[in-house]
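Remarks on the structure that follows.
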Amino acid sequence: MIRAALHEDIGSHDDVTTRAVVTPVATYSARLKAREDAVVSGMQIAAIAFRLVDPSLRIETHVADGQTCRTGATLMTIEGSAASILMGERVALNFAGRLTGIATKTAGFAP
């Protein structure tokens, strides 16, 4: 499912826009941050999405799936090729955002 989402997003020839705008040697350090208080979910899937794009990216998860977080908390850091981070970010964020939303809503029903 993650591979299919990446293929749909960046196609079979990589992300043309990213390749046109970002130099191949550019590196970046990105942070995935919480926009609101939540129960985190999807961090493992987000990490897999980034690793499928570029196995050399350095990924550190700071808040594990199932843990709560506060607004502004850094959930994950990703370091390495700027182009690779940009190519994986949309899919990673879509999965993490959707799954975190589900986990947070579900937690609201639990006693």
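Residue names in the structure tokens use chain letters A, B, ... in the order shown, residue numbers from 1 in each chain, and ligand numbers from 1 in the order shown.
Near stretch 25-28 of chain A, within 6 Å and counting only C-alpha atoms, sit Glu79, Gly80, Ser81 and Ala82 of chain A, not including residues fewer than 6 positions from it in the same chain.
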Handout entry: Expected answer as JSON, numbers by chain: strand (DSSP E or B) residues in chain A
Key = {"A": [27, 28, 29, 30, 31, 32, 33, 38, 39, 58, 59, 60, 61, 68, 69, 74, 75, 76, 77, 78, 79, 80, 81]}
Keeping only N, CA and C atoms, write those residues as a PDB file, in the first residue's frame.
ATOM      1  N   THR A  27      21.274  18.731   1.167  1.00  0.00           N
ATOM      2  CA  THR A  27      20.827  17.925   2.308  1.00  0.00           C
ATOM      3  C   THR A  27      19.917  18.773   3.179  1.00  0.00           C
ATOM      4  N   TYR A  28      19.156  18.091   4.020  1.00  0.00           N
ATOM      5  CA  TYR A  28      18.176  18.796   4.835  1.00  0.00           C
ATOM      6  C   TYR A  28      17.913  18.012   6.106  1.00  0.00           C
ATOM      7  N   SER A  29      17.474  18.702   7.115  1.00  0.00           N
ATOM      8  CA  SER A  29      17.014  18.082   8.346  1.00  0.00           C
ATOM      9  C   SER A  29      15.572  18.526   8.551  1.00  0.00           C
ATOM     10  N   ALA A  30      14.643  17.577   8.473  1.00  0.00           N
ATOM     11  CA  ALA A  30      13.215  17.885   8.588  1.00  0.00           C
ATOM     12  C   ALA A  30      12.666  17.346   9.896  1.00  0.00           C
ATOM     13  N   ARG A  31      11.620  18.001  10.375  1.00  0.00           N
ATOM     14  CA  ARG A  31      10.938  17.558  11.595  1.00  0.00           C
ATOM     15  C   ARG A  31       9.467  17.384  11.300  1.00  0.00           C
ATOM     16  N   LEU A  32       8.927  16.260  11.713  1.00  0.00           N
ATOM     17  CA  LEU A  32       7.487  16.036  11.651  1.00  0.00           C
ATOM     18  C   LEU A  32       6.951  16.434  13.018  1.00  0.00           C
ATOM     19  N   LYS A  33       6.095  17.470  13.047  1.00  0.00           N
ATOM     20  CA  LYS A  33       5.608  18.016  14.321  1.00  0.00           C
ATOM     21  C   LYS A  33       4.099  17.869  14.424  1.00  0.00           C
ATOM     22  N   ALA A  38      -2.607  14.971  20.557  1.00  0.00           N
ATOM     23  CA  ALA A  38      -3.087  13.796  19.826  1.00  0.00           C
ATOM     24  C   ALA A  38      -2.551  12.504  20.414  1.00  0.00           C
ATOM     25  N   VAL A  39      -3.114  11.397  19.937  1.00  0.00           N
ATOM     26  CA  VAL A  39      -2.561  10.066  20.141  1.00  0.00           C
ATOM     27  C   VAL A  39      -1.874   9.717  18.824  1.00  0.00           C
ATOM     28  N   ARG A  58      18.386   9.256   7.411  1.00  0.00           N
ATOM     29  CA  ARG A  58      18.476   8.973   8.838  1.00  0.00           C
ATOM     30  C   ARG A  58      17.164   9.408   9.479  1.00  0.00           C
ATOM     31  N   ILE A  59      16.463   8.445  10.064  1.00  0.00           N
ATOM     32  CA  ILE A  59      15.134   8.686  10.616  1.00  0.00           C
ATOM     33  C   ILE A  59      15.143   8.341  12.091  1.00  0.00           C
ATOM     34  N   GLU A  60      14.659   9.274  12.899  1.00  0.00           N
ATOM     35  CA  GLU A  60      14.538   9.021  14.328  1.00  0.00           C
ATOM     36  C   GLU A  60      13.113   9.350  14.761  1.00  0.00           C
ATOM     37  N   THR A  61      12.444   8.353  15.326  1.00  0.00           N
ATOM     38  CA  THR A  61      11.101   8.555  15.842  1.00  0.00           C
ATOM     39  C   THR A  61      11.205   8.965  17.308  1.00  0.00           C
ATOM     40  N   THR A  68       0.759   9.594  23.579  1.00  0.00           N
ATOM     41  CA  THR A  68       0.143  10.904  23.387  1.00  0.00           C
ATOM     42  C   THR A  68       1.226  11.949  23.166  1.00  0.00           C
ATOM     43  N   CYS A  69       0.827  13.056  22.553  1.00  0.00           N
ATOM     44  CA  CYS A  69       1.755  14.167  22.338  1.00  0.00           C
ATOM     45  C   CYS A  69       1.002  15.469  22.491  1.00  0.00           C
ATOM     46  N   THR A  74       7.849  17.392  18.518  1.00  0.00           N
ATOM     47  CA  THR A  74       8.530  16.778  17.382  1.00  0.00           C
ATOM     48  C   THR A  74       8.316  15.275  17.463  1.00  0.00           C
ATOM     49  N   LEU A  75       7.676  14.727  16.447  1.00  0.00           N
ATOM     50  CA  LEU A  75       7.359  13.302  16.415  1.00  0.00           C
ATOM     51  C   LEU A  75       8.466  12.494  15.745  1.00  0.00           C
ATOM     52  N   MET A  76       9.102  13.088  14.745  1.00  0.00           N
ATOM     53  CA  MET A  76      10.125  12.378  13.973  1.00  0.00           C
ATOM     54  C   MET A  76      11.069  13.394  13.353  1.00  0.00           C
ATOM     55  N   THR A  77      12.353  13.027  13.244  1.00  0.00           N
ATOM     56  CA  THR A  77      13.289  13.829  12.468  1.00  0.00           C
ATOM     57  C   THR A  77      13.819  12.968  11.331  1.00  0.00           C
ATOM     58  N   ILE A  78      14.016  13.622  10.195  1.00  0.00           N
ATOM     59  CA  ILE A  78      14.506  12.940   8.997  1.00  0.00           C
ATOM     60  C   ILE A  78      15.658  13.780   8.466  1.00  0.00           C
ATOM     61  N   GLU A  79      16.802  13.157   8.237  1.00  0.00           N
ATOM     62  CA  GLU A  79      17.973  13.873   7.736  1.00  0.00           C
ATOM     63  C   GLU A  79      18.543  13.143   6.537  1.00  0.00           C
ATOM     64  N   GLY A  80      19.024  13.945   5.581  1.00  0.00           N
ATOM     65  CA  GLY A  80      19.652  13.361   4.401  1.00  0.00           C
ATOM     66  C   GLY A  80      19.335  14.179   3.167  1.00  0.00           C
ATOM     67  N   SER A  81      19.239  13.511   2.041  1.00  0.00           N
ATOM     68  CA  SER A  81      18.979  14.155   0.761  1.00  0.00           C
ATOM     69  C   SER A  81      17.679  14.959   0.812  1.00  0.00           C
TER      70      SER A  81
END
Could you find all residues in chain A that DSSP calls alpha helix (DSSP H) from the backbone, and write them as a PDB file with N, CA and C atoms, in the first residue's frame?
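Final file, selection31.pdb:
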ATOM      1  N   ILE A   2       1.964   1.220   0.760  1.00  0.00           N
ATOM      2  CA  ILE A   2       2.866   2.381   0.808  1.00  0.00           C
ATOM      3  C   ILE A   2       3.549   2.571  -0.543  1.00  0.00           C
ATOM      4  N   ARG A   3       3.989   1.471  -1.131  1.00  0.00           N
ATOM      5  CA  ARG A   3       4.623   1.549  -2.461  1.00  0.00           C
ATOM      6  C   ARG A   3       3.652   2.113  -3.491  1.00  0.00           C
ATOM      7  N   ALA A   4       2.405   1.669  -3.426  1.00  0.00           N
ATOM      8  CA  ALA A   4       1.397   2.157  -4.373  1.00  0.00           C
ATOM      9  C   ALA A   4       1.170   3.655  -4.195  1.00  0.00           C
ATOM     10  N   ALA A   5       1.122   4.115  -2.949  1.00  0.00           N
ATOM     11  CA  ALA A   5       0.926   5.544  -2.688  1.00  0.00           C
ATOM     12  C   ALA A   5       2.113   6.362  -3.201  1.00  0.00           C
ATOM     13  N   LEU A   6       3.326   5.862  -2.987  1.00  0.00           N
ATOM     14  CA  LEU A   6       4.515   6.557  -3.489  1.00  0.00           C
ATOM     15  C   LEU A   6       4.512   6.593  -5.015  1.00  0.00           C
ATOM     16  N   HIS A   7       4.158   5.481  -5.628  1.00  0.00           N
ATOM     17  CA  HIS A   7       4.125   5.425  -7.096  1.00  0.00           C
ATOM     18  C   HIS A   7       3.092   6.413  -7.643  1.00  0.00           C
ATOM     19  N   GLU A   8       1.938   6.487  -6.985  1.00  0.00           N
ATOM     20  CA  GLU A   8       0.905   7.428  -7.417  1.00  0.00           C
ATOM     21  C   GLU A   8       1.383   8.867  -7.262  1.00  0.00           C
ATOM     22  N   ASP A   9       2.109   9.146  -6.198  1.00  0.00           N
ATOM     23  CA  ASP A   9       2.536  10.511  -5.917  1.00  0.00           C
ATOM     24  C   ASP A   9       3.725  10.949  -6.762  1.00  0.00           C
ATOM     25  N   ILE A  10       4.747  10.110  -6.870  1.00  0.00           N
ATOM     26  CA  ILE A  10       5.963  10.541  -7.578  1.00  0.00           C
ATOM     27  C   ILE A  10       6.171   9.845  -8.914  1.00  0.00           C
ATOM     28  N   VAL A  16       9.395  14.994 -10.664  1.00  0.00           N
ATOM     29  CA  VAL A  16      10.021  15.871 -11.651  1.00  0.00           C
ATOM     30  C   VAL A  16      10.240  17.271 -11.078  1.00  0.00           C
ATOM     31  N   THR A  17       9.279  17.798 -10.344  1.00  0.00           N
ATOM     32  CA  THR A  17       9.409  19.143  -9.773  1.00  0.00           C
ATOM     33  C   THR A  17      10.555  19.207  -8.781  1.00  0.00           C
ATOM     34  N   THR A  18      10.636  18.218  -7.888  1.00  0.00           N
ATOM     35  CA  THR A  18      11.722  18.201  -6.904  1.00  0.00           C
ATOM     36  C   THR A  18      13.064  18.115  -7.606  1.00  0.00           C
ATOM     37  N   ARG A  19      13.180  17.231  -8.581  1.00  0.00           N
ATOM     38  CA  ARG A  19      14.447  17.085  -9.299  1.00  0.00           C
ATOM     39  C   ARG A  19      14.834  18.362 -10.037  1.00  0.00           C
ATOM     40  N   ALA A  20      13.837  19.135 -10.498  1.00  0.00           N
ATOM     41  CA  ALA A  20      14.123  20.368 -11.228  1.00  0.00           C
ATOM     42  C   ALA A  20      14.535  21.505 -10.298  1.00  0.00           C
ATOM     43  N   VAL A  21      14.061  21.497  -9.064  1.00  0.00           N
ATOM     44  CA  VAL A  21      14.273  22.621  -8.152  1.00  0.00           C
ATOM     45  C   VAL A  21      15.367  22.372  -7.119  1.00  0.00           C
ATOM     46  N   MET A  43       3.698   6.365  12.686  1.00  0.00           N
ATOM     47  CA  MET A  43       5.122   6.700  12.620  1.00  0.00           C
ATOM     48  C   MET A  43       5.919   5.612  11.891  1.00  0.00           C
ATOM     49  N   GLN A  44       5.560   4.357  12.139  1.00  0.00           N
ATOM     50  CA  GLN A  44       6.271   3.267  11.460  1.00  0.00           C
ATOM     51  C   GLN A  44       6.024   3.326   9.953  1.00  0.00           C
ATOM     52  N   ILE A  45       4.805   3.628   9.564  1.00  0.00           N
ATOM     53  CA  ILE A  45       4.483   3.714   8.142  1.00  0.00           C
ATOM     54  C   ILE A  45       5.190   4.908   7.509  1.00  0.00           C
ATOM     55  N   ALA A  46       5.225   6.029   8.218  1.00  0.00           N
ATOM     56  CA  ALA A  46       5.936   7.208   7.710  1.00  0.00           C
ATOM     57  C   ALA A  46       7.415   6.877   7.493  1.00  0.00           C
ATOM     58  N   ALA A  47       8.018   6.201   8.457  1.00  0.00           N
ATOM     59  CA  ALA A  47       9.436   5.825   8.329  1.00  0.00           C
ATOM     60  C   ALA A  47       9.648   4.901   7.137  1.00  0.00           C
ATOM     61  N   ILE A  48       8.741   3.958   6.935  1.00  0.00           N
ATOM     62  CA  ILE A  48       8.859   3.049   5.787  1.00  0.00           C
ATOM     63  C   ILE A  48       8.762   3.829   4.485  1.00  0.00           C
ATOM     64  N   ALA A  49       7.859   4.787   4.412  1.00  0.00           N
ATOM     65  CA  ALA A  49       7.720   5.595   3.192  1.00  0.00           C
ATOM     66  C   ALA A  49       9.027   6.311   2.872  1.00  0.00           C
ATOM     67  N   PHE A  50       9.622   6.938   3.886  1.00  0.00           N
ATOM     68  CA  PHE A  50      10.893   7.619   3.649  1.00  0.00           C
ATOM     69  C   PHE A  50      11.989   6.631   3.240  1.00  0.00           C
ATOM     70  N   ARG A  51      12.033   5.473   3.897  1.00  0.00           N
ATOM     71  CA  ARG A  51      13.080   4.487   3.573  1.00  0.00           C
ATOM     72  C   ARG A  51      12.902   3.883   2.185  1.00  0.00           C
ATOM     73  N   LEU A  52      11.663   3.748   1.735  1.00  0.00           N
ATOM     74  CA  LEU A  52      11.432   3.245   0.380  1.00  0.00           C
ATOM     75  C   LEU A  52      11.927   4.242  -0.666  1.00  0.00           C
ATOM     76  N   VAL A  53      11.800   5.517  -0.372  1.00  0.00           N
ATOM     77  CA  VAL A  53      12.309   6.544  -1.279  1.00  0.00           C
ATOM     78  C   VAL A  53      13.832   6.555  -1.259  1.00  0.00           C
ATOM     79  N   ALA A  82      17.779  16.255   0.499  1.00  0.00           N
ATOM     80  CA  ALA A  82      16.591  17.115   0.502  1.00  0.00           C
ATOM     81  C   ALA A  82      15.562  16.621  -0.513  1.00  0.00           C
ATOM     82  N   ALA A  83      16.020  16.187  -1.682  1.00  0.00           N
ATOM     83  CA  ALA A  83      15.101  15.692  -2.708  1.00  0.00           C
ATOM     84  C   ALA A  83      14.364  14.446  -2.221  1.00  0.00           C
ATOM     85  N   SER A  84      15.064  13.553  -1.574  1.00  0.00           N
ATOM     86  CA  SER A  84      14.440  12.328  -1.069  1.00  0.00           C
ATOM     87  C   SER A  84      13.401  12.635   0.008  1.00  0.00           C
ATOM     88  N   ILE A  85      13.731  13.566   0.899  1.00  0.00           N
ATOM     89  CA  ILE A  85      12.786  13.941   1.947  1.00  0.00           C
ATOM     90  C   ILE A  85      11.523  14.526   1.323  1.00  0.00           C
ATOM     91  N   LEU A  86      11.683  15.410   0.350  1.00  0.00           N
ATOM     92  CA  LEU A  86      10.522  16.007  -0.307  1.00  0.00           C
ATOM     93  C   LEU A  86       9.685  14.965  -1.043  1.00  0.00           C
ATOM     94  N   MET A  87      10.338  13.985  -1.650  1.00  0.00           N
ATOM     95  CA  MET A  87       9.587  12.960  -2.385  1.00  0.00           C
ATOM     96  C   MET A  87       8.794  12.040  -1.464  1.00  0.00           C
ATOM     97  N   GLY A  88       9.278  11.830  -0.246  1.00  0.00           N
ATOM     98  CA  GLY A  88       8.579  10.940   0.669  1.00  0.00           C
ATOM     99  C   GLY A  88       7.617  11.631   1.610  1.00  0.00           C
ATOM    100  N   GLU A  89       7.752  12.943   1.769  1.00  0.00           N
ATOM    101  CA  GLU A  89       7.002  13.631   2.815  1.00  0.00           C
ATOM    102  C   GLU A  89       5.503  13.610   2.647  1.00  0.00           C
ATOM    103  N   ARG A  90       4.991  13.773   1.460  1.00  0.00           N
ATOM    104  CA  ARG A  90       3.539  13.841   1.275  1.00  0.00           C
ATOM    105  C   ARG A  90       2.872  12.526   1.660  1.00  0.00           C
ATOM    106  N   VAL A  91       3.454  11.423   1.197  1.00  0.00           N
ATOM    107  CA  VAL A  91       2.894  10.106   1.530  1.00  0.00           C
ATOM    108  C   VAL A  91       3.042   9.832   3.023  1.00  0.00           C
ATOM    109  N   ALA A  92       4.205  10.125   3.570  1.00  0.00           N
ATOM    110  CA  ALA A  92       4.434   9.898   5.000  1.00  0.00           C
ATOM    111  C   ALA A  92       3.460  10.716   5.847  1.00  0.00           C
ATOM    112  N   LEU A  93       3.297  11.984   5.508  1.00  0.00           N
ATOM    113  CA  LEU A  93       2.389  12.844   6.268  1.00  0.00           C
ATOM    114  C   LEU A  93       0.925  12.441   6.105  1.00  0.00           C
ATOM    115  N   ASN A  94       0.547  12.025   4.900  1.00  0.00           N
ATOM    116  CA  ASN A  94      -0.834  11.590   4.686  1.00  0.00           C
ATOM    117  C   ASN A  94      -1.175  10.390   5.560  1.00  0.00           C
ATOM    118  N   PHE A  95      -0.305   9.391   5.572  1.00  0.00           N
ATOM    119  CA  PHE A  95      -0.549   8.210   6.413  1.00  0.00           C
ATOM    120  C   PHE A  95      -0.533   8.583   7.896  1.00  0.00           C
ATOM    121  N   ALA A  96       0.513   9.301   8.328  1.00  0.00           N
ATOM    122  CA  ALA A  96       0.643   9.639   9.749  1.00  0.00           C
ATOM    123  C   ALA A  96      -0.514  10.525  10.212  1.00  0.00           C
ATOM    124  N   GLY A  97      -0.887  11.484   9.411  1.00  0.00           N
ATOM    125  CA  GLY A  97      -1.980  12.379   9.782  1.00  0.00           C
ATOM    126  C   GLY A  97      -3.312  11.656   9.893  1.00  0.00           C
ATOM    127  N   ARG A  98      -3.594  10.827   8.918  1.00  0.00           N
ATOM    128  CA  ARG A  98      -4.867  10.087   8.927  1.00  0.00           C
ATOM    129  C   ARG A  98      -4.922   9.103  10.095  1.00  0.00           C
ATOM    130  N   LEU A  99      -3.851   8.335  10.276  1.00  0.00           N
ATOM    131  CA  LEU A  99      -3.836   7.343  11.354  1.00  0.00           C
ATOM    132  C   LEU A  99      -3.828   7.991  12.733  1.00  0.00           C
ATOM    133  N   THR A 100      -3.139   9.106  12.877  1.00  0.00           N
ATOM    134  CA  THR A 100      -3.149   9.819  14.152  1.00  0.00           C
ATOM    135  C   THR A 100      -4.548  10.370  14.434  1.00  0.00           C
ATOM    136  N   GLY A 101      -5.207  10.866  13.417  1.00  0.00           N
ATOM    137  CA  GLY A 101      -6.574  11.350  13.586  1.00  0.00           C
ATOM    138  C   GLY A 101      -7.512  10.241  14.060  1.00  0.00           C
ATOM    139  N   ILE A 102      -7.383   9.070  13.456  1.00  0.00           N
ATOM    140  CA  ILE A 102      -8.207   7.920  13.858  1.00  0.00           C
ATOM    141  C   ILE A 102      -7.907   7.515  15.288  1.00  0.00           C
ATOM    142  N   ALA A 103      -6.607   7.422  15.626  1.00  0.00           N
ATOM    143  CA  ALA A 103      -6.207   7.022  16.977  1.00  0.00           C
ATOM    144  C   ALA A 103      -6.687   8.022  18.026  1.00  0.00           C
ATOM    145  N   THR A 104      -6.605   9.291  17.698  1.00  0.00           N
ATOM    146  CA  THR A 104      -7.028  10.331  18.631  1.00  0.00           C
ATOM    147  C   THR A 104      -8.540  10.286  18.837  1.00  0.00           C
ATOM    148  N   LYS A 105      -9.275  10.147  17.759  1.00  0.00           N
ATOM    149  CA  LYS A 105     -10.741  10.066  17.868  1.00  0.00           C
ATOM    150  C   LYS A 105     -11.149   8.810  18.637  1.00  0.00           C
ATOM    151  N   THR A 106     -10.511   7.697  18.362  1.00  0.00           N
ATOM    152  CA  THR A 106     -10.814   6.444  19.050  1.00  0.00           C
ATOM    153  C   THR A 106     -10.533   6.560  20.545  1.00  0.00           C
ATOM    154  N   ALA A 107      -9.434   7.199  20.902  1.00  0.00           N
ATOM    155  CA  ALA A 107      -9.088   7.368  22.308  1.00  0.00           C
ATOM    156  C   ALA A 107     -10.146   8.173  23.050  1.00  0.00           C
ATOM    157  N   GLY A 108     -10.825   9.034  22.355  1.00  0.00           N
ATOM    158  CA  GLY A 108     -11.885   9.830  22.969  1.00  0.00           C
ATOM    159  C   GLY A 108     -13.088   8.993  23.392  1.00  0.00           C
ATOM    160  N   PHE A 109     -13.251   7.810  22.805  1.00  0.00           N
ATOM    161  CA  PHE A 109     -14.342   6.922  23.150  1.00  0.00           C
ATOM    162  C   PHE A 109     -13.977   5.934  24.249  1.00  0.00           C
TER     163      PHE A 109
END
Handout entry: Residue contacts of A:Arg70 (9 Å, only C-alpha atoms) excluding same-chain residues fewer than 2 positions away, as a ChimeraX atom specification
Key = /A:34-38,68,72-73
Problem - Å distance separating atom CA of A:Val63 from atom CA of A:Pro111, one decimal place - result: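 Atom-to-atom, atom CA of A:Val63 to atom CA of A:Pro111, that is 22.6 Å.
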Handout entry: Length of the atom CA of A:Leu57 to atom CA of A:Met1 vector [Å]
Key =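 Here the two named atoms are 20.6 Å from each other.
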